[in-house]
file upload.tsv (TSV, C-alpha atoms)
chain	number	residue	atom	x	y	z
A	6	MET	CA	-60.78	-49.34	-2.62
A	7	SER	CA	-62.49	-48.85	-5.93
A	8	SER	CA	-60.98	-50.98	-8.61
A	9	ASN	CA	-61.54	-48.18	-11.08
A	10	SER	CA	-58.82	-46.08	-9.60
A	11	ASP	CA	-56.27	-48.89	-9.84
A	12	ASP	CA	-56.56	-49.58	-13.53
A	13	PRO	CA	-55.34	-46.28	-14.98
A	14	ILE	CA	-52.28	-46.43	-12.76
A	15	LEU	CA	-51.34	-49.97	-13.65
A	16	SER	CA	-51.86	-49.37	-17.34
A	17	LYS	CA	-49.67	-46.30	-17.11
A	18	VAL	CA	-46.87	-48.30	-15.51
A	19	PHE	CA	-45.98	-49.99	-18.74
A	20	THR	CA	-45.61	-46.83	-20.78
A	21	CYS	CA	-43.74	-45.07	-18.01
A	22	PHE	CA	-41.22	-47.77	-17.39
A	23	ASP	CA	-40.87	-48.47	-21.08
A	24	HIS	CA	-39.18	-45.20	-21.82
A	25	ALA	CA	-37.48	-44.89	-18.46
A	26	LEU	CA	-35.81	-48.28	-18.83
A	27	LYS	CA	-34.62	-47.65	-22.37
A	28	SER	CA	-32.96	-44.42	-21.48
A	29	LYS	CA	-31.18	-45.97	-18.54
A	30	LEU	CA	-29.25	-48.60	-20.40
A	31	VAL	CA	-25.52	-48.23	-20.24
A	32	ASN	CA	-25.13	-48.55	-23.98
A	33	PRO	CA	-27.91	-46.45	-25.52
A	34	LYS	CA	-27.71	-48.34	-28.78
A	35	ASN	CA	-29.00	-51.54	-27.23
A	36	LYS	CA	-32.50	-52.61	-28.06
A	37	ILE	CA	-35.00	-54.13	-25.69
A	38	THR	CA	-38.07	-56.13	-26.68
A	39	ASP	CA	-41.50	-55.03	-25.53
A	40	ASP	CA	-42.00	-58.35	-23.79
A	41	ALA	CA	-38.93	-57.79	-21.67
A	42	VAL	CA	-40.03	-54.26	-20.78
A	43	GLY	CA	-43.44	-55.56	-19.73
A	44	LEU	CA	-41.86	-58.23	-17.57
A	45	ILE	CA	-39.44	-55.84	-15.92
A	46	SER	CA	-42.17	-53.33	-15.21
A	47	GLU	CA	-44.14	-56.17	-13.62
A	48	VAL	CA	-41.18	-57.01	-11.38
A	49	ALA	CA	-40.73	-53.36	-10.43
A	50	LYS	CA	-44.43	-53.07	-9.65
A	51	VAL	CA	-44.24	-56.09	-7.39
A	52	LEU	CA	-41.19	-54.55	-5.73
A	53	VAL	CA	-43.13	-51.44	-4.79
A	54	ILE	CA	-46.18	-53.33	-3.60
A	55	GLU	CA	-44.07	-55.79	-1.62
A	56	ALA	CA	-42.15	-52.94	0.00
A	57	VAL	CA	-45.37	-51.24	1.03
A	58	GLY	CA	-46.87	-54.49	2.25
A	59	ARG	CA	-43.91	-55.41	4.42
A	60	ALA	CA	-43.56	-51.88	5.79
A	61	ALA	CA	-47.27	-51.91	6.63
A	62	GLN	CA	-46.76	-55.16	8.50
A	63	GLN	CA	-43.97	-53.53	10.49
A	64	ALA	CA	-46.17	-50.53	11.24
A	65	ASN	CA	-48.93	-52.87	12.38
A	66	LEU	CA	-46.53	-54.50	14.82
A	67	GLU	CA	-46.04	-51.09	16.42
A	68	ASN	CA	-49.80	-50.41	16.23
A	69	LYS	CA	-49.29	-47.37	14.06
A	70	LYS	CA	-51.47	-46.24	11.20
A	71	LYS	CA	-48.82	-44.40	9.26
A	72	ILE	CA	-45.97	-46.07	7.46
A	73	ASN	CA	-42.83	-44.40	8.67
A	74	LEU	CA	-39.35	-44.22	7.26
A	75	ASP	CA	-38.19	-46.45	10.12
A	76	HIS	CA	-40.54	-49.20	9.01
A	77	VAL	CA	-39.17	-49.06	5.51
A	78	GLU	CA	-35.66	-49.14	6.90
A	79	ILE	CA	-36.38	-52.33	8.83
A	80	ILE	CA	-37.71	-54.25	5.85
A	81	LEU	CA	-35.03	-52.99	3.48
A	82	PRO	CA	-32.35	-55.69	3.95
A	83	GLN	CA	-34.65	-58.66	3.39
A	84	LEU	CA	-36.29	-56.90	0.46
A	85	MET	CA	-32.95	-56.33	-1.20
A	86	LEU	CA	-32.02	-59.97	-0.71
A	87	ASP	CA	-35.30	-61.23	-2.11
A	88	PHE	CA	-35.18	-59.27	-5.32
A	89	PRO	CA	-32.33	-60.12	-7.69
B	19	MET	CA	-15.34	-41.75	-15.83
B	20	TYR	CA	-17.02	-40.41	-18.91
B	21	VAL	CA	-18.91	-37.20	-19.54
B	22	LEU	CA	-22.57	-37.40	-20.49
B	23	SER	CA	-24.08	-34.91	-22.85
B	24	THR	CA	-26.60	-32.56	-21.28
B	25	LYS	CA	-29.26	-34.10	-23.45
B	26	THR	CA	-28.64	-37.53	-21.93
B	27	VAL	CA	-28.57	-36.08	-18.45
B	28	LYS	CA	-31.86	-34.26	-18.96
B	29	LEU	CA	-33.45	-37.40	-20.37
B	30	ARG	CA	-32.20	-39.41	-17.42
B	31	ASN	CA	-33.55	-36.88	-14.95
B	32	LYS	CA	-36.87	-36.87	-16.72
B	33	SER	CA	-37.11	-40.65	-16.74
B	34	ARG	CA	-36.13	-40.67	-13.08
B	35	GLN	CA	-38.98	-38.32	-12.28
B	36	VAL	CA	-41.36	-40.51	-14.24
B	37	VAL	CA	-40.30	-43.58	-12.29
B	38	TYR	CA	-40.57	-41.69	-9.00
B	39	ASN	CA	-44.07	-40.47	-9.71
B	40	THR	CA	-45.32	-43.83	-10.90
B	41	ALA	CA	-43.79	-45.67	-7.97
B	42	ARG	CA	-45.25	-43.14	-5.57
B	43	LYS	CA	-48.73	-43.57	-7.01
B	44	ILE	CA	-48.56	-47.34	-6.83
B	45	ALA	CA	-47.26	-47.19	-3.25
B	46	GLU	CA	-50.07	-44.85	-2.21
B	47	GLU	CA	-52.70	-47.11	-3.72
B	48	ALA	CA	-51.17	-50.16	-2.10
B	49	ALA	CA	-51.09	-48.48	1.29
B	50	ALA	CA	-54.72	-47.44	0.85
B	51	CYS	CA	-55.61	-51.07	0.10
B	52	LEU	CA	-54.22	-51.97	3.50
B	53	ASP	CA	-55.99	-49.08	5.22
B	54	MET	CA	-52.70	-47.43	6.01
B	55	GLU	CA	-51.24	-44.10	5.20
B	56	CYS	CA	-47.74	-43.55	4.00
B	57	ASP	CA	-45.34	-40.83	5.02
B	58	PRO	CA	-43.99	-38.79	2.13
B	59	ASP	CA	-40.44	-39.67	3.20
B	60	ALA	CA	-41.24	-43.34	3.04
B	61	LEU	CA	-42.81	-42.87	-0.40
B	62	ASP	CA	-39.71	-41.09	-1.59
B	63	ILE	CA	-37.41	-43.77	-0.39
B	64	ILE	CA	-39.45	-46.54	-1.99
B	65	ALA	CA	-39.43	-44.63	-5.26
B	66	GLU	CA	-35.67	-44.09	-5.07
B	67	LEU	CA	-35.24	-47.74	-4.27
B	68	THR	CA	-37.12	-48.92	-7.35
B	69	TYR	CA	-35.21	-46.49	-9.53
B	70	LYS	CA	-31.87	-47.79	-8.30
B	71	LYS	CA	-33.06	-51.37	-8.71
B	72	LEU	CA	-34.10	-50.68	-12.27
B	73	GLN	CA	-30.66	-49.34	-13.02
B	74	LEU	CA	-29.08	-52.49	-11.60
B	75	TYR	CA	-31.45	-54.63	-13.63
B	76	ALA	CA	-30.56	-52.75	-16.77
B	77	VAL	CA	-26.87	-53.42	-16.20
B	78	ASP	CA	-27.50	-57.11	-15.53
B	79	LEU	CA	-29.80	-57.54	-18.50
B	80	GLU	CA	-27.28	-55.95	-20.76
B	81	ALA	CA	-24.59	-58.31	-19.48
B	82	PHE	CA	-26.83	-61.30	-20.17
B	83	GLN	CA	-27.56	-60.07	-23.62
B	84	LYS	CA	-23.91	-59.60	-24.38
B	85	HIS	CA	-23.12	-63.03	-23.03
B	86	ALA	CA	-25.72	-64.57	-25.30
B	87	LYS	CA	-24.35	-62.53	-28.20
B	88	ARG	CA	-27.80	-61.18	-28.96
B	89	SER	CA	-28.73	-57.84	-30.43
B	90	ALA	CA	-31.61	-57.05	-28.10
B	91	ILE	CA	-32.65	-57.72	-24.54
B	92	THR	CA	-35.41	-60.31	-24.57
B	93	ALA	CA	-37.77	-61.94	-22.10
B	94	ASP	CA	-35.26	-64.78	-21.64
B	95	ASP	CA	-32.85	-62.32	-20.10
B	96	VAL	CA	-35.49	-61.26	-17.62
B	97	LYS	CA	-36.18	-64.89	-16.79
B	98	LEU	CA	-32.50	-65.37	-16.09
B	99	LEU	CA	-32.55	-62.30	-13.88
B	100	VAL	CA	-35.21	-63.71	-11.55
B	101	ARG	CA	-33.93	-67.28	-11.53
B	102	ARG	CA	-33.05	-67.17	-7.81
B	103	ASN	CA	-36.46	-66.28	-6.47
B	104	GLU	CA	-39.09	-68.99	-6.97
B	105	SER	CA	-42.12	-66.79	-6.63
B	106	LEU	CA	-40.68	-64.15	-8.92
B	107	LYS	CA	-40.01	-66.86	-11.48
B	108	GLU	CA	-43.66	-67.91	-11.33
B	109	LEU	CA	-44.77	-64.31	-11.65
B	110	VAL	CA	-42.62	-63.70	-14.68
B	111	ASP	CA	-43.77	-66.94	-16.33
B	112	LYS	CA	-47.39	-66.12	-15.70
B	113	LYS	CA	-46.97	-62.64	-17.09
B	114	LEU	CA	-45.16	-63.94	-20.14
B	115	GLN	CA	-48.00	-66.38	-20.81
B	116	ALA	CA	-50.52	-63.58	-20.42
B	117	ILE	CA	-48.59	-61.37	-22.84
B	118	ASN	CA	-48.25	-64.18	-25.37
B	119	SER	CA	-51.90	-65.10	-25.19
B	120	LEU	CA	-52.86	-61.49	-25.86
B	121	LYS	CA	-50.70	-61.31	-28.94
B	122	PRO	CA	-52.51	-62.02	-32.20
B	123	PRO	CA	-50.99	-64.83	-34.31
B	124	GLU	CA	-48.12	-63.60	-36.42
B	125	SER	CA	-50.04	-63.69	-39.69
B	126	THR	CA	-52.70	-61.17	-38.72
B	127	THR	CA	-52.02	-57.61	-37.74
B	128	SER	CA	-54.79	-55.78	-36.00
B	129	GLY	CA	-54.52	-52.05	-35.58
B	130	VAL	CA	-53.75	-52.42	-31.89
B	131	LYS	CA	-50.42	-54.01	-31.20
B	132	ARG	CA	-51.06	-54.88	-27.62
B	133	LYS	CA	-54.31	-55.19	-25.72
B	134	ARG	CA	-54.31	-54.94	-21.95
B	135	LYS	CA	-56.80	-56.80	-19.85
B	136	PRO	CA	-58.19	-54.30	-17.33
B	137	THR	CA	-58.69	-56.98	-14.72
B	138	GLU	CA	-55.41	-56.35	-12.92
B	139	THR	CA	-55.81	-54.35	-9.77
B	140	ILE	CA	-53.50	-53.65	-6.90
B	141	THR	CA	-55.86	-55.50	-4.55
B	142	SER	CA	-55.35	-58.62	-6.63
B	143	TYR	CA	-51.72	-58.55	-5.52
B	144	PHE	CA	-52.76	-58.84	-1.90
B	145	LYS	CA	-55.03	-61.83	-2.39
B	146	GLY	CA	-53.24	-65.06	-3.15
B	147	THR	CA	-50.12	-63.34	-4.39
B	148	PRO	CA	-47.12	-65.43	-5.30
B	149	THR	CA	-44.94	-63.48	-2.87
B	150	ASP	CA	-43.96	-64.78	0.54
B	151	ASN	CA	-45.18	-62.11	2.92
B	152	ASN	CA	-48.87	-61.87	2.42
B	153	ASN	CA	-50.85	-59.24	4.19
B	154	SER	CA	-54.37	-60.35	3.34

call {"tool": "encode", "arguments": {"input": "upload.tsv", "output": "structure tokens"}}
result
Amino acid sequence: MSSNSDDPILSKVFTCFDHALKSKLVNPKNKITDDAVGLISEVAKVLVIEAVGRAAQQANLENKKKINLDHVEIILPQLMLDFP
Amino acid sequence: MYVLSTKTVKLRNKSRQVVYNTARKIAEEAAACLDMECDPDALDIIAELTYKKLQLYAVDLEAFQKHAKRSAITADDVKLLVRRNESLKELVDKKLQAINSLKPPESTTSGVKRKRKPTETITSYFKGTPTDNNNS
């Protein structure tokens, strides 16, 4: 995969999650530092990539090329336990 | 149960869409890195999953902040959040170091507040990642 196509997405992650996180706080008056937002967006990014990676592994076990909902379902419990 | 103003609801829906779209894009790229395709249903569920997780994180982070009697959620709260998972802890520490090294010293202020190194790619997550299940 070309590395060029990855960069715009990853650099967009920060700005996307920045606003999305802030608006999701229970008490809207709370502030959040930029460092914390960057760290959380990193964790969320890893969550997505890990989910895809594990589901792909499951799909490989069944010798399939497409990641199905079933594969995601299988990896879900362990994924939820691994992330806080 | 409390009633949210329509403005808050619309903002929440919008931010939810933003998270969905971003998560979907990342998932597609990641799948492409592994030479696999992803069903749209699977993409949707991964996106929904990250959105729900983010909400949970927000609640936790706020609780930590309140406990520490602070006025803002800081990186320390995030570190506390990932304390259970060793590899996540490493990831967060590494990222924090990277962020701090990119910051200019407090005396100077350049026009750009934050510079991003464009060396991060999704493939770099699959090679020597700190996570347990490695697909490379």

call {"tool": "closest_residue", "arguments": {"input": "upload.tsv", "among": "A:Ala64, A:Val48, A:Ile79, A:Met85", "to": "Leu52 in chain B", "atoms": "only C-alpha atoms"}}
result
A:Ala64

call {"tool": "closest_residue", "arguments": {"input": "upload.tsv", "among": "A:Glu47, A:Gln83, A:Leu74, A:Lys69", "to": "chain B", "atoms": "all atoms listed in the file"}}
result
A:Leu74

call {"tool": "atom_distance", "arguments": {"input": "upload.tsv", "atom1": "CA of Leu99 in chain B", "atom2": "CA of Gln83 in chain B"}}
result
11.2 Å

call {"tool": "atom_distance", "arguments": {"input": "upload.tsv", "atom1": "CA of Glu104 in chain B", "atom2": "CA of Pro89 in chain A"}}
result
11.2 Å

call {"tool": "closest_residue", "arguments": {"input": "upload.tsv", "among": "A:Lys34, A:Asn65, A:Ala56, A:Asp75", "to": "Thr68 in chain B", "atoms": "all atoms listed in the file"}}
result
A:Ala56

call {"tool": "atom_distance", "arguments": {"input": "upload.tsv", "atom1": "CA of Leu67 in chain B", "atom2": "CA of Ala116 in chain B"}}
result
27.3 Å

call {"tool": "closest_residue", "arguments": {"input": "upload.tsv", "among": "B:Asn118, B:Lys84, B:Glu55, B:Ala65", "to": "chain A", "atoms": "all atoms listed in the file"}}
result
B:Glu55

call {"tool": "build_atoms", "arguments": {"input": "upload.tsv", "residues": "range 64-75 of chain A", "atoms": "all heavy atoms", "output": "CSV table (one decimal), in the frame of the given file"}}
result
chain,number,residue,atom,x,y,z
A,64,ALA,N,-45.4,-51.6,10.6
A,64,ALA,CA,-46.2,-50.5,11.2
A,64,ALA,C,-47.3,-51.1,12.1
A,64,ALA,O,-47.6,-50.6,13.2
A,64,ALA,CB,-46.7,-49.6,10.2
A,65,ASN,N,-47.9,-52.2,11.6
A,65,ASN,CA,-48.9,-52.9,12.4
A,65,ASN,C,-48.4,-53.4,13.7
A,65,ASN,O,-49.1,-53.4,14.7
A,65,ASN,CB,-49.5,-54.0,11.6
A,65,ASN,CG,-50.8,-53.6,10.8
A,65,ASN,OD1,-51.4,-52.6,11.3
A,65,ASN,ND2,-51.1,-54.2,9.7
A,66,LEU,N,-47.1,-53.9,13.6
A,66,LEU,CA,-46.5,-54.5,14.8
A,66,LEU,C,-46.4,-53.4,15.9
A,66,LEU,O,-46.5,-53.7,17.1
A,66,LEU,CB,-45.1,-55.1,14.5
A,66,LEU,CG,-45.1,-56.4,13.7
A,66,LEU,CD1,-43.7,-56.8,13.5
A,66,LEU,CD2,-45.8,-57.5,14.5
A,67,GLU,N,-46.2,-52.2,15.4
A,67,GLU,CA,-46.0,-51.1,16.4
A,67,GLU,C,-47.4,-50.4,16.6
A,67,GLU,O,-47.4,-49.3,17.2
A,67,GLU,CB,-45.0,-50.1,15.9
A,67,GLU,CG,-43.6,-50.6,15.8
A,67,GLU,CD,-42.7,-49.6,15.2
A,67,GLU,OE1,-43.0,-48.4,15.3
A,67,GLU,OE2,-41.6,-50.0,14.7
A,68,ASN,N,-48.4,-51.0,16.1
A,68,ASN,CA,-49.8,-50.4,16.2
A,68,ASN,C,-49.9,-49.0,15.7
A,68,ASN,O,-50.5,-48.1,16.4
A,68,ASN,CB,-50.3,-50.5,17.7
A,68,ASN,CG,-50.5,-51.9,18.1
A,68,ASN,OD1,-50.9,-52.7,17.3
A,68,ASN,ND2,-50.1,-52.2,19.3
A,69,LYS,N,-49.2,-48.7,14.6
A,69,LYS,CA,-49.3,-47.4,14.1
A,69,LYS,C,-50.1,-47.4,12.8
A,69,LYS,O,-50.1,-48.5,12.1
A,69,LYS,CB,-47.9,-46.8,13.8
A,69,LYS,CG,-47.1,-46.6,15.0
A,69,LYS,CD,-46.2,-45.3,14.9
A,69,LYS,CE,-45.5,-45.1,16.1
A,69,LYS,NZ,-44.1,-45.4,16.0
A,70,LYS,N,-50.7,-46.3,12.4
A,70,LYS,CA,-51.5,-46.2,11.2
A,70,LYS,C,-50.7,-45.7,10.0
A,70,LYS,O,-51.1,-45.7,8.9
A,70,LYS,CB,-52.7,-45.4,11.4
A,70,LYS,CG,-53.9,-46.2,12.0
A,70,LYS,CD,-54.4,-47.2,11.0
A,70,LYS,CE,-55.9,-47.2,10.9
A,70,LYS,NZ,-56.3,-48.1,9.8
A,71,LYS,N,-49.6,-45.0,10.3
A,71,LYS,CA,-48.8,-44.4,9.3
A,71,LYS,C,-47.5,-45.2,9.0
A,71,LYS,O,-46.8,-45.5,10.0
A,71,LYS,CB,-48.5,-43.0,9.7
A,71,LYS,CG,-49.5,-42.0,9.3
A,71,LYS,CD,-49.0,-40.6,9.2
A,71,LYS,CE,-49.8,-39.8,8.2
A,71,LYS,NZ,-49.0,-38.7,7.6
A,72,ILE,N,-47.2,-45.4,7.8
A,72,ILE,CA,-46.0,-46.1,7.5
A,72,ILE,C,-44.8,-45.1,7.5
A,72,ILE,O,-44.8,-44.1,6.8
A,72,ILE,CB,-46.0,-46.7,6.1
A,72,ILE,CG1,-47.1,-47.8,6.0
A,72,ILE,CG2,-44.7,-47.3,5.7
A,72,ILE,CD1,-47.3,-48.4,4.7
A,73,ASN,N,-43.9,-45.3,8.4
A,73,ASN,CA,-42.8,-44.4,8.7
A,73,ASN,C,-41.6,-44.8,7.9
A,73,ASN,O,-41.5,-45.9,7.4
A,73,ASN,CB,-42.5,-44.4,10.2
A,73,ASN,CG,-42.3,-43.0,10.7
A,73,ASN,OD1,-42.0,-42.1,9.9
A,73,ASN,ND2,-42.3,-42.8,12.0
A,74,LEU,N,-40.6,-43.9,7.9
A,74,LEU,CA,-39.4,-44.2,7.3
A,74,LEU,C,-38.7,-45.4,8.0
A,74,LEU,O,-38.0,-46.2,7.4
A,74,LEU,CB,-38.5,-43.0,7.3
A,74,LEU,CG,-37.4,-42.8,6.2
A,74,LEU,CD1,-38.1,-42.9,4.9
A,74,LEU,CD2,-36.8,-41.5,6.3
A,75,ASP,N,-38.8,-45.4,9.3
A,75,ASP,CA,-38.2,-46.4,10.1
A,75,ASP,C,-38.7,-47.8,9.7
A,75,ASP,O,-37.9,-48.8,9.6
A,75,ASP,CB,-38.5,-46.2,11.6
A,75,ASP,CG,-38.0,-44.9,12.1
A,75,ASP,OD1,-37.0,-44.4,11.5
A,75,ASP,OD2,-38.7,-44.3,12.9
